[in-house]
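Enquirer: Following this line is final_1.cif, made up of mmCIF, C-alpha atoms and all ligand atoms:
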```cif
data_model
loop_
_atom_site.label_atom_id
_atom_site.label_comp_id
_atom_site.auth_asym_id
_atom_site.auth_seq_id
_atom_site.Cartn_x
_atom_site.Cartn_y
_atom_site.Cartn_z
CA MET J 1 120.84 88.75 160.08
CA ALA J 2 117.23 88.46 161.41
CA ASP J 3 114.88 85.85 159.96
CA SER J 4 111.70 86.85 158.17
CA GLU J 5 109.74 83.79 159.33
CA LYS J 6 108.85 83.12 155.68
CA THR J 7 110.06 79.92 154.10
CA VAL J 8 111.40 79.59 150.57
CA PHE J 9 108.26 77.63 149.67
CA GLU J 10 105.92 80.35 150.97
CA VAL J 11 107.78 83.14 149.22
CA LEU J 12 107.95 81.23 145.92
CA LYS J 13 104.23 80.52 146.07
CA SER J 14 103.15 84.07 146.92
CA SER J 15 105.55 85.59 144.35
CA ARG J 16 104.30 83.29 141.62
CA ARG J 17 100.65 84.04 142.42
CA TYR J 18 101.32 87.77 142.44
CA LEU J 19 103.03 87.63 139.03
CA GLU J 20 100.39 85.36 137.51
CA ALA J 21 97.69 87.79 138.64
CA LYS J 22 99.64 90.54 136.84
CA GLY J 23 99.76 88.40 133.66
CA VAL J 24 103.55 88.00 133.69
CA ALA J 25 104.66 85.17 131.40
CA GLU J 26 106.62 82.22 132.83
CA ALA J 27 106.05 83.40 136.42
CA ARG J 28 107.06 80.11 138.06
CA ARG J 29 110.31 79.76 136.11
CA SER J 30 111.28 83.39 136.73
CA CYS J 31 110.58 83.13 140.49
CA ASP J 32 112.64 79.93 140.69
CA LEU J 33 115.53 81.57 138.85
CA LEU J 34 115.40 84.62 141.09
CA MET J 35 115.24 82.56 144.27
CA SER J 36 118.13 80.35 143.17
CA LEU J 37 120.17 83.51 142.58
CA MET J 38 119.34 84.69 146.14
CA LEU J 39 120.25 81.31 147.64
CA LYS J 40 123.30 80.84 145.38
CA CYS J 41 122.13 77.43 144.22
CA LYS J 42 120.95 75.80 140.99
CA PRO J 43 117.17 76.08 140.31
CA LEU J 44 116.88 72.29 140.56
CA ASP J 45 118.37 72.38 144.07
CA LEU J 46 115.61 74.70 145.34
CA PHE J 47 113.60 71.57 145.98
CA PHE J 48 115.95 70.76 148.89
CA LYS J 49 115.64 74.25 150.39
CA LEU J 50 111.87 74.72 150.40
CA ASP J 51 111.69 74.69 154.23
CA GLN J 52 114.57 77.14 154.68
CA VAL J 53 113.55 80.37 156.39
CA LEU J 54 114.66 83.46 154.47
CA SER J 55 116.55 86.23 156.23
CA ASN J 56 114.94 89.68 156.08
CA ASN J 57 117.68 90.80 153.69
CA LEU J 58 117.03 87.95 151.28
CA LEU J 59 113.28 88.48 151.50
CA ASP J 60 113.73 92.18 150.66
CA ALA J 61 116.03 91.31 147.75
CA MET J 62 113.50 88.77 146.46
CA ARG J 63 110.69 91.33 146.71
CA ARG J 64 112.72 93.86 144.74
CA GLY J 65 113.32 91.25 142.02
CA VAL J 66 109.65 90.26 141.90
CA LYS J 67 108.67 93.93 141.60
CA ARG J 68 110.94 94.23 138.55
CA LEU J 69 109.42 91.06 137.06
CA ALA J 70 105.95 92.54 137.63
CA GLU J 71 107.05 95.51 135.52
CA ASN J 72 107.84 93.00 132.75
CA GLU J 73 111.62 93.32 133.00
CA PRO J 74 113.18 90.11 131.59
CA VAL J 75 114.52 87.80 134.29
CA GLN J 76 117.85 87.64 132.41
CA TYR J 77 118.43 91.37 133.00
CA ILE J 78 117.46 91.08 136.67
CA LEU J 79 119.80 88.14 137.18
CA GLY J 80 122.51 90.04 135.27
CA GLU J 81 123.79 86.90 133.58
CA TRP J 82 122.59 84.12 131.33
CA ASP J 83 124.00 80.91 129.94
CA PHE J 84 124.71 80.50 126.25
CA MET J 85 126.45 77.37 124.96
CA SER J 86 127.43 76.47 128.53
CA HIS J 87 129.20 79.80 129.10
CA THR J 88 127.79 82.43 131.45
CA PHE J 89 127.41 85.84 129.78
CA LYS J 90 126.77 89.13 131.50
CA THR J 91 123.36 90.39 130.35
CA ASP J 92 121.94 93.87 130.66
CA LYS J 93 119.92 96.35 128.65
CA ARG J 94 122.92 97.33 126.51
CA ALA J 95 122.39 94.26 124.29
CA LEU J 96 119.95 91.56 123.25
CA ILE J 97 119.63 88.57 125.60
CA PRO J 98 121.30 85.61 123.84
CA ARG J 99 118.63 83.22 122.51
CA PRO J 100 118.68 79.41 122.25
CA GLU J 101 118.20 79.50 118.43
CA THR J 102 121.48 81.38 118.17
CA GLU J 103 123.22 78.49 119.93
CA GLU J 104 122.10 76.40 116.95
CA LEU J 105 123.68 78.95 114.59
CA VAL J 106 127.01 78.65 116.43
CA GLN J 107 126.69 74.87 116.32
CA LEU J 108 126.21 74.96 112.51
CA ILE J 109 129.50 76.84 112.17
CA LEU J 110 131.36 74.53 114.53
CA GLU J 111 130.13 71.53 112.56
CA CYS J 112 131.25 72.92 109.18
CA GLU J 113 134.51 71.00 108.68
CA ASP J 114 135.61 73.08 105.66
CA ILE J 115 136.04 76.13 107.86
CA TRP J 116 138.26 74.48 110.43
CA ALA J 117 140.27 72.55 107.82
CA GLU J 118 141.81 75.88 106.78
CA GLU J 119 142.70 77.09 110.30
CA PRO J 120 143.54 79.76 111.16
CA ALA J 121 140.24 80.95 109.71
CA PHE J 122 139.22 84.62 109.90
CA ILE J 123 135.64 84.96 111.15
CA ILE J 124 133.57 88.13 111.44
CA ASP J 125 130.44 88.32 113.61
CA ILE J 126 128.36 91.28 112.46
CA GLY J 127 125.86 92.63 115.00
CA THR J 128 127.80 90.96 117.79
CA GLY J 129 125.64 92.35 120.63
CA SER J 130 126.72 90.67 123.89
CA GLY J 131 129.50 88.99 121.88
CA CYS J 132 127.95 85.57 122.43
CA ILE J 133 128.57 84.17 118.91
CA ALA J 134 132.14 85.41 118.45
CA ILE J 135 133.13 84.54 122.02
CA CYS J 136 131.78 80.97 121.88
CA LEU J 137 133.54 80.38 118.56
CA ALA J 138 136.79 81.86 119.88
CA LEU J 139 136.61 79.64 122.98
CA ALA J 140 135.84 76.50 120.94
CA LYS J 141 138.36 77.18 118.16
CA PRO J 142 141.11 79.32 119.67
CA ASN J 143 143.52 79.00 116.72
CA SER J 144 141.38 81.17 114.44
CA ARG J 145 140.95 84.97 114.38
CA TYR J 146 137.70 86.77 115.16
CA LEU J 147 136.22 90.24 114.82
CA GLY J 148 132.89 91.29 116.36
CA ILE J 149 131.29 94.36 114.77
CA ASP J 150 128.31 96.35 116.06
CA VAL J 151 126.89 99.84 115.50
CA SER J 152 126.04 100.04 119.20
CA ARG J 153 128.95 101.14 121.38
CA ASP J 154 126.95 100.06 124.44
CA ALA J 155 126.70 96.54 123.05
CA LEU J 156 130.41 96.51 122.20
CA ALA J 157 131.30 97.54 125.76
CA LEU J 158 129.26 94.59 127.06
CA ALA J 159 130.86 92.25 124.51
CA GLN J 160 134.33 93.37 125.68
CA GLU J 161 133.35 92.72 129.30
CA ASN J 162 132.10 89.26 128.37
CA ALA J 163 135.28 88.44 126.46
CA GLY J 164 137.27 89.49 129.55
CA ARG J 165 135.11 87.50 131.98
CA LEU J 166 135.37 84.41 129.81
CA LYS J 167 139.11 84.88 129.31
CA VAL J 168 139.09 84.93 125.52
CA GLY J 169 142.57 85.45 124.08
CA ASN J 170 143.72 88.38 121.94
CA ASN J 171 142.55 86.57 118.78
CA LEU J 172 139.17 88.33 119.22
CA ALA J 173 138.73 92.08 118.60
CA PHE J 174 135.66 94.31 118.48
CA SER J 175 134.87 97.37 116.37
CA ASP J 176 132.06 99.79 115.58
CA LYS J 177 133.38 100.50 112.08
CA GLU J 178 131.73 99.47 108.80
CA LEU J 179 132.91 96.11 107.48
CA CYS J 180 134.23 97.49 104.18
CA ASP J 181 136.19 100.28 105.93
CA LEU J 182 138.01 97.74 108.06
CA ILE J 183 138.62 94.68 105.95
CA GLU J 184 140.48 94.00 102.71
CA PRO J 185 138.47 92.36 99.90
CA ASP J 186 138.85 88.59 99.55
CA SER J 187 140.24 88.05 103.07
CA VAL J 188 137.48 86.63 105.29
CA SER J 189 136.65 82.92 105.78
CA VAL J 190 133.23 83.32 107.43
CA VAL J 191 130.71 86.08 108.02
CA VAL J 192 128.13 85.21 110.66
CA ALA J 193 125.30 87.58 111.50
CA ASN J 194 122.26 87.56 113.72
CA LEU J 195 121.00 91.01 112.76
CA PRO J 196 117.71 92.77 113.52
CA TYR J 197 115.22 90.93 111.28
CA ILE J 198 111.79 91.69 112.71
CA PRO J 199 109.52 93.71 110.38
CA THR J 200 108.63 97.04 112.00
CA ALA J 201 104.89 96.24 112.27
CA ASP J 202 105.72 93.00 114.15
CA TYR J 203 108.24 94.82 116.32
CA GLU J 204 105.50 97.21 117.46
CA ALA J 205 103.41 94.22 118.56
CA LEU J 206 106.16 92.42 120.53
CA PRO J 207 105.48 91.45 124.16
CA LEU J 208 106.35 94.19 126.68
CA HIS J 209 109.20 92.24 128.28
CA ILE J 210 110.99 92.43 124.91
CA LYS J 211 109.82 95.77 123.49
CA ASN J 212 110.22 97.81 126.68
CA TYR J 213 113.61 96.42 127.66
CA GLU J 214 115.70 94.97 124.85
CA PRO J 215 117.31 97.52 122.48
CA ALA J 216 115.14 98.41 119.46
CA ILE J 217 118.31 98.61 117.37
CA ALA J 218 118.80 94.87 118.01
CA LEU J 219 115.34 93.89 116.80
CA ASP J 220 113.66 96.25 114.34
CA GLY J 221 114.74 95.32 110.80
CA GLY J 222 112.63 97.93 108.95
CA GLU J 223 109.50 97.51 106.84
CA ASP J 224 110.14 93.93 105.65
CA GLY J 225 112.73 93.15 108.33
CA LEU J 226 115.51 92.93 105.75
CA ASN J 227 116.96 96.47 105.68
CA ILE J 228 120.10 95.63 107.63
CA ILE J 229 120.50 92.09 106.35
CA ARG J 230 120.51 93.40 102.74
CA ALA J 231 123.27 95.90 103.47
CA VAL J 232 125.38 93.42 105.43
CA VAL J 233 125.07 90.63 102.85
CA GLU J 234 126.26 93.04 100.18
CA ASP J 235 129.23 94.08 102.32
CA ALA J 236 130.00 90.41 103.07
CA SER J 237 130.16 89.67 99.35
CA MET J 238 133.00 92.24 99.09
CA VAL J 239 135.21 90.83 101.83
CA LEU J 240 134.67 87.05 101.76
CA LYS J 241 137.30 84.85 100.12
CA ASN J 242 136.42 82.57 97.24
CA ASN J 243 134.29 79.75 98.75
CA GLY J 244 133.98 81.71 102.01
CA TYR J 245 130.84 81.11 104.05
CA ILE J 246 127.98 83.27 105.24
CA PHE J 247 125.72 82.14 108.12
CA LEU J 248 122.62 84.23 108.81
CA GLU J 249 119.85 83.99 111.38
CA MET J 250 116.48 85.23 110.10
CA ASP J 251 112.72 85.39 110.53
CA HIS J 252 111.03 82.15 109.40
CA ARG J 253 109.38 83.99 106.46
CA GLN J 254 112.59 85.41 104.97
CA GLY J 255 114.25 82.28 103.51
CA VAL J 256 113.22 82.88 99.89
CA ALA J 257 114.04 86.60 99.86
CA ILE J 258 117.45 86.10 101.45
CA SER J 259 118.29 83.15 99.18
CA GLU J 260 117.44 85.26 96.10
CA LEU J 261 119.56 88.11 97.37
CA LEU J 262 122.51 85.80 98.00
CA GLU J 263 122.20 84.29 94.53
CA GLN J 264 122.22 87.74 92.90
CA LEU J 265 125.44 88.55 94.75
CA GLY J 266 127.29 85.44 93.56
CA PHE J 267 126.69 83.04 96.45
CA TYR J 268 126.13 79.31 95.79
CA ASN J 269 125.34 76.22 97.91
CA ILE J 270 122.54 78.29 99.43
CA SER J 271 120.55 76.35 102.00
CA VAL J 272 117.80 77.32 104.41
CA LYS J 273 118.01 75.44 107.71
CA GLN J 274 115.45 74.92 110.45
CA ASP J 275 115.74 75.53 114.17
CA MET J 276 114.81 72.95 116.84
CA ALA J 277 111.19 74.10 116.68
CA GLY J 278 111.12 73.19 112.95
CA HIS J 279 110.97 76.81 111.71
CA ASP J 280 113.14 78.08 108.87
CA ARG J 281 115.70 80.08 110.86
CA PHE J 282 119.11 80.13 109.20
CA VAL J 283 120.59 80.58 105.74
CA VAL J 284 124.04 79.24 104.91
CA ALA J 285 125.84 79.93 101.61
CA GLN J 286 129.26 80.17 100.01
CA LEU J 287 130.62 82.90 97.77
CA THR J 288 132.19 82.51 94.37
CA VAL J 289 134.63 85.33 93.80
CA SER J 290 135.09 85.97 90.08
CA SER J 291 138.78 86.47 89.20
C1 LIG F 301 119.57 90.53 117.08
S1 LIG F 301 120.91 91.39 117.89
C2 LIG F 301 122.07 90.03 117.98
C3 LIG F 301 123.10 90.15 119.05
C4 LIG F 301 123.97 88.89 119.18
N1 LIG F 301 124.71 88.63 117.96
C5 LIG F 301 123.14 87.70 119.54
O1 LIG F 301 122.98 86.81 118.67
O2 LIG F 301 122.61 87.64 120.65
C6 LIG F 301 121.47 92.37 116.56
C7 LIG F 301 122.68 93.27 116.82
O3 LIG F 301 122.97 93.95 115.58
C8 LIG F 301 123.38 95.28 115.87
N2 LIG F 301 123.16 96.08 114.65
C9 LIG F 301 122.04 96.72 114.24
N3 LIG F 301 122.25 97.31 113.06
C10 LIG F 301 123.53 97.03 112.71
C11 LIG F 301 124.35 97.38 111.58
N4 LIG F 301 123.87 98.11 110.58
N5 LIG F 301 125.64 96.96 111.56
C12 LIG F 301 126.13 96.20 112.58
N6 LIG F 301 125.41 95.87 113.69
C13 LIG F 301 124.13 96.27 113.74
C14 LIG F 301 122.55 95.67 117.07
O4 LIG F 301 123.14 96.73 117.79
C15 LIG F 301 122.50 94.35 117.85
O5 LIG F 301 123.53 94.27 118.81
#
```
Could you render the structure as structure tokens?
Ligand SMILES: C[S@@+](CC[C@H](N)C(=O)[O-])C[C@H]1O[C@@H](n2cnc3c(N)ncnc32)[C@H](O)[C@@H]1O

Expert:
Amino acid sequence: MADSEKTVFEVLKSSRRYLEAKGVAEARRSCDLLMSLMLKCKPLDLFFKLDQVLSNNLLDAMRRGVKRLAENEPVQYILGEWDFMSHTFKTDKRALIPRPETEELVQLILECEDIWAEEPAFIIDIGTGSGCIAICLALAKPNSRYLGIDVSRDALALAQENAGRLKVGNNLAFSDKELCDLIEPDSVSVVVANLPYIPTADYEALPLHIKNYEPAIALDGGEDGLNIIRAVVEDASMVLKNNGYIFLEMDHRQGVAISELLEQLGFYNISVKQDMAGHDRFVVAQLTVSS
């Protein structure tokens, strides 16, 4: 393999400058991630390789990646994988890129002792996307049963691939059916959902690296952002057991509306929780089933 005579340092610097001139966000971080993929090392270890001369093949591959970044494609799709809760998930345009806030949602469930006291619990992840929530729960608590539901067959195919790559057992299944068509009333321990919650007007104004690449069906929640959440919360109230839990991720302005909706449907212990950035981001509640 012939050498290009360009060092890692030179290529990182010119790539970063090129992307910054194009107004691409987080140019340095994306270039580092791309280069570490090329060199099969961790981004932190790039520091020790700055003087390495790139082969022509690697230089061409890096240029192709930088060209995609310049077109605003998210680095997670270019890399083809991304870490979520210390597990590496395949990522591509079939599903939303797993976000750090959602790791906090998974953590809330793992920390809820009530749920695991009744193992095996039955947990449904609605809007499973890449499968990141259901898969991380199934890996952490393998004695319970899990179902990931999504309207997008593309997303479900990716979730299946991720479950296979991460060697999840047969206690996790996926489906594109409606919750109430699949599940008996009064049978589910937990419903967790990170659904599309962005109001349509805000969706239209999203940065290009999100709007042009991530699926609209994963993001656009209708006029007030609550169209899908409303329907899913109502369905959840039909299938949850008495004292069963619901965990929702939401837009920071939706806490009051979602809490009111939950109360109308018979939920109690309703609490709005903040993410690491201090924004209202999650709602947790339990259902009282009247006998
Ligand atoms: C915000 S993404 C979340 C994906 C994944 N759970 C995560 O946290 O990364 C929302 C997902 O909900 C799915 N979705 C949209 N409408 C839905 C509906 N009515 N029922 C079930 N899933 C739906 C989308 O296809 C998308 O995969």

Enquirer: In Å, with one decimal, what is the gap from atom CA of J:Tyr203 to atom CA of J:Asp220?

Expert: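 The value is 5.9 Å.
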
Enquirer: Could you jot down the atom CA of J:Tyr77 to atom CA of J:Lys177 separation for me, Å, one decimal place?

Expert: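 Separation of atom CA of J:Tyr77 and atom CA of J:Lys177: 27.3 Å.
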
Enquirer: Quick one: pull the distance between atom CA of J:Glu73 and atom CA of J:Leu206, Å, one decimal.

Expert: 13.6 Å

Enquirer: For the contact check between stretch 112-195 of chain J and stretch 82-91 of chain J, emit one row per residue of stretch 112-195 of chain J within 8 Å, containing the shortest atom pair and the distance in Å rounded to one decimal, counting only C-alpha atoms, chain then rising number order, as CSV.

Expert:
```
residue,atom,partner,partner_atom,distance
J:Ser130,CA,J:Thr91,CA,7.3
J:Cys132,CA,J:Phe84,CA,7.1
J:Cys136,CA,J:Met85,CA,7.1
J:Leu158,CA,J:Lys90,CA,7.5
J:Glu161,CA,J:Lys90,CA,7.8
J:Asn162,CA,J:Phe89,CA,6.0
J:Leu166,CA,J:His87,CA,7.7
```

Enquirer: What do you get as a list of chain:residue names if you pick all residues at most 7 Å from ligand LIG 301 (chain F), counting only C-alpha atoms and all ligand atoms?

Expert: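 Checking only C-alpha atoms and all ligand atoms against ligand LIG 301 (chain F) at 7 Å gives J:Ala95, J:Leu96, J:Ile97, J:Pro98, J:Arg99, J:Thr102, J:Ile126, J:Gly127, J:Thr128, J:Gly129, J:Ser130, J:Gly131, J:Cys132, J:Ile133, J:Ile149, J:Asp150, J:Val151, J:Ser152, J:Ala155, J:Ala193, J:Asn194, J:Leu195, J:Pro196, J:Ile217, J:Ala218, J:Leu219, J:Ile228.
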
Enquirer: Rank nothing, just name the residue among J:Val75, J:Ala117, J:Ile210, J:Asp92 nearest to J:Glu26, using all atoms listed in the file.

Expert: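 Smallest separation from J:Glu26 among the options: J:Val75.
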
Enquirer: Quick one: residues within 9 Å of stretch 52-65 of chain J, only C-alpha atoms, excluding same-chain residues fewer than 6 positions away - as an mmCIF file with C-alpha atoms, in the coordinates of the input?

Expert:
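New file result.cif:
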```cif
data_model
loop_
_atom_site.group_PDB
_atom_site.id
_atom_site.type_symbol
_atom_site.label_atom_id
_atom_site.label_comp_id
_atom_site.auth_asym_id
_atom_site.auth_seq_id
_atom_site.Cartn_x
_atom_site.Cartn_y
_atom_site.Cartn_z
ATOM 1 C CA MET J 1 120.840 88.750 160.080
ATOM 2 C CA ALA J 2 117.230 88.460 161.410
ATOM 3 C CA ASP J 3 114.880 85.850 159.960
ATOM 4 C CA SER J 4 111.700 86.850 158.170
ATOM 5 C CA GLU J 5 109.740 83.790 159.330
ATOM 6 C CA LYS J 6 108.850 83.120 155.680
ATOM 7 C CA THR J 7 110.060 79.920 154.100
ATOM 8 C CA VAL J 8 111.400 79.590 150.570
ATOM 9 C CA PHE J 9 108.260 77.630 149.670
ATOM 10 C CA VAL J 11 107.780 83.140 149.220
ATOM 11 C CA SER J 15 105.550 85.590 144.350
ATOM 12 C CA CYS J 31 110.580 83.130 140.490
ATOM 13 C CA LEU J 34 115.400 84.620 141.090
ATOM 14 C CA MET J 35 115.240 82.560 144.270
ATOM 15 C CA MET J 38 119.340 84.690 146.140
ATOM 16 C CA LEU J 39 120.250 81.310 147.640
ATOM 17 C CA VAL J 75 114.520 87.800 134.290
ATOM 18 C CA ILE J 78 117.460 91.080 136.670
ATOM 19 C CA LEU J 79 119.800 88.140 137.180
#
```

Enquirer: Could you give me, as a ChimeraX atom specification, the residues within 12 Å of stretch 242-244 of chain J, counting only C-alpha atoms and dropping anything in the same chain fewer than 6 positions from it?

Expert: /J:112,114-116,118,121-124,185-192,236,266-270,284-291

Enquirer: Find, counting all atoms listed in the file, the residue in J:Ile246, J:Arg29, J:Ala134, J:Glu81 that gets nearest to J:Gln160.

Expert: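 Checking each of J:Ile246, J:Arg29, J:Ala134, J:Glu81 against J:Gln160, counting all atoms listed in the file, the winner is J:Ala134.
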
Enquirer: Near J:Gly23, counting all atoms listed in the file, which residues have an atom at most 12 Å away, once you skip same-chain residues fewer than 3 positions from it, shown as a PyMOL selection string?

Expert: chain J and resi 16-20+26-28+69-72+207-209

Enquirer: Go through J:Ala205, J:Met276, J:Ala157, J:Leu182 and flag the residue nearest J:Lys93, using all atoms listed in the file for the distances.

Expert: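 Smallest distance to J:Lys93 is found for J:Ala157.
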
Enquirer: Please determine, counting only C-alpha atoms, which residue among J:Pro142, J:Pro199, J:Pro74, J:Pro100 has the shortest atom-to-atom distance to J:Asp275.

Expert: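 Of the candidates, the smallest distance to J:Asp275 is held by J:Pro100.
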
Enquirer: Please give the centre and size of the box around stretch 237-255 of chain J (axis-aligned, containing every atom listed in the file, 4 Å added per side), with values in Å to one decimal and written as lines of an AutoDock Vina configuration file.

Expert:
```
center_x = 123.3
center_y = 86.0
center_z = 104.3
size_x = 35.9
size_y = 20.5
size_z = 22.1
```

Enquirer: For J:Ile229, which residue out of J:Pro43, J:Pro215, J:Gly255, J:Gly164 is the nearest one, using only C-alpha atoms?

Expert: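 Ranking J:Pro43, J:Pro215, J:Gly255, J:Gly164 by distance to J:Ile229, first place goes to J:Gly255.
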
Enquirer: Excluding J:Val256 and its own-chain neighbours fewer than 5 positions away, which residues fall within 12 Å of it when counting only C-alpha atoms? Please give them as a list in words.

Expert: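 In the requested form, the answer reads Leu226, Met250, Asp251, Leu261, Leu262, Glu263, Ile270, Ser271, Val272, Lys273, Asp280, Arg281, Phe282 and Val283 of chain J.
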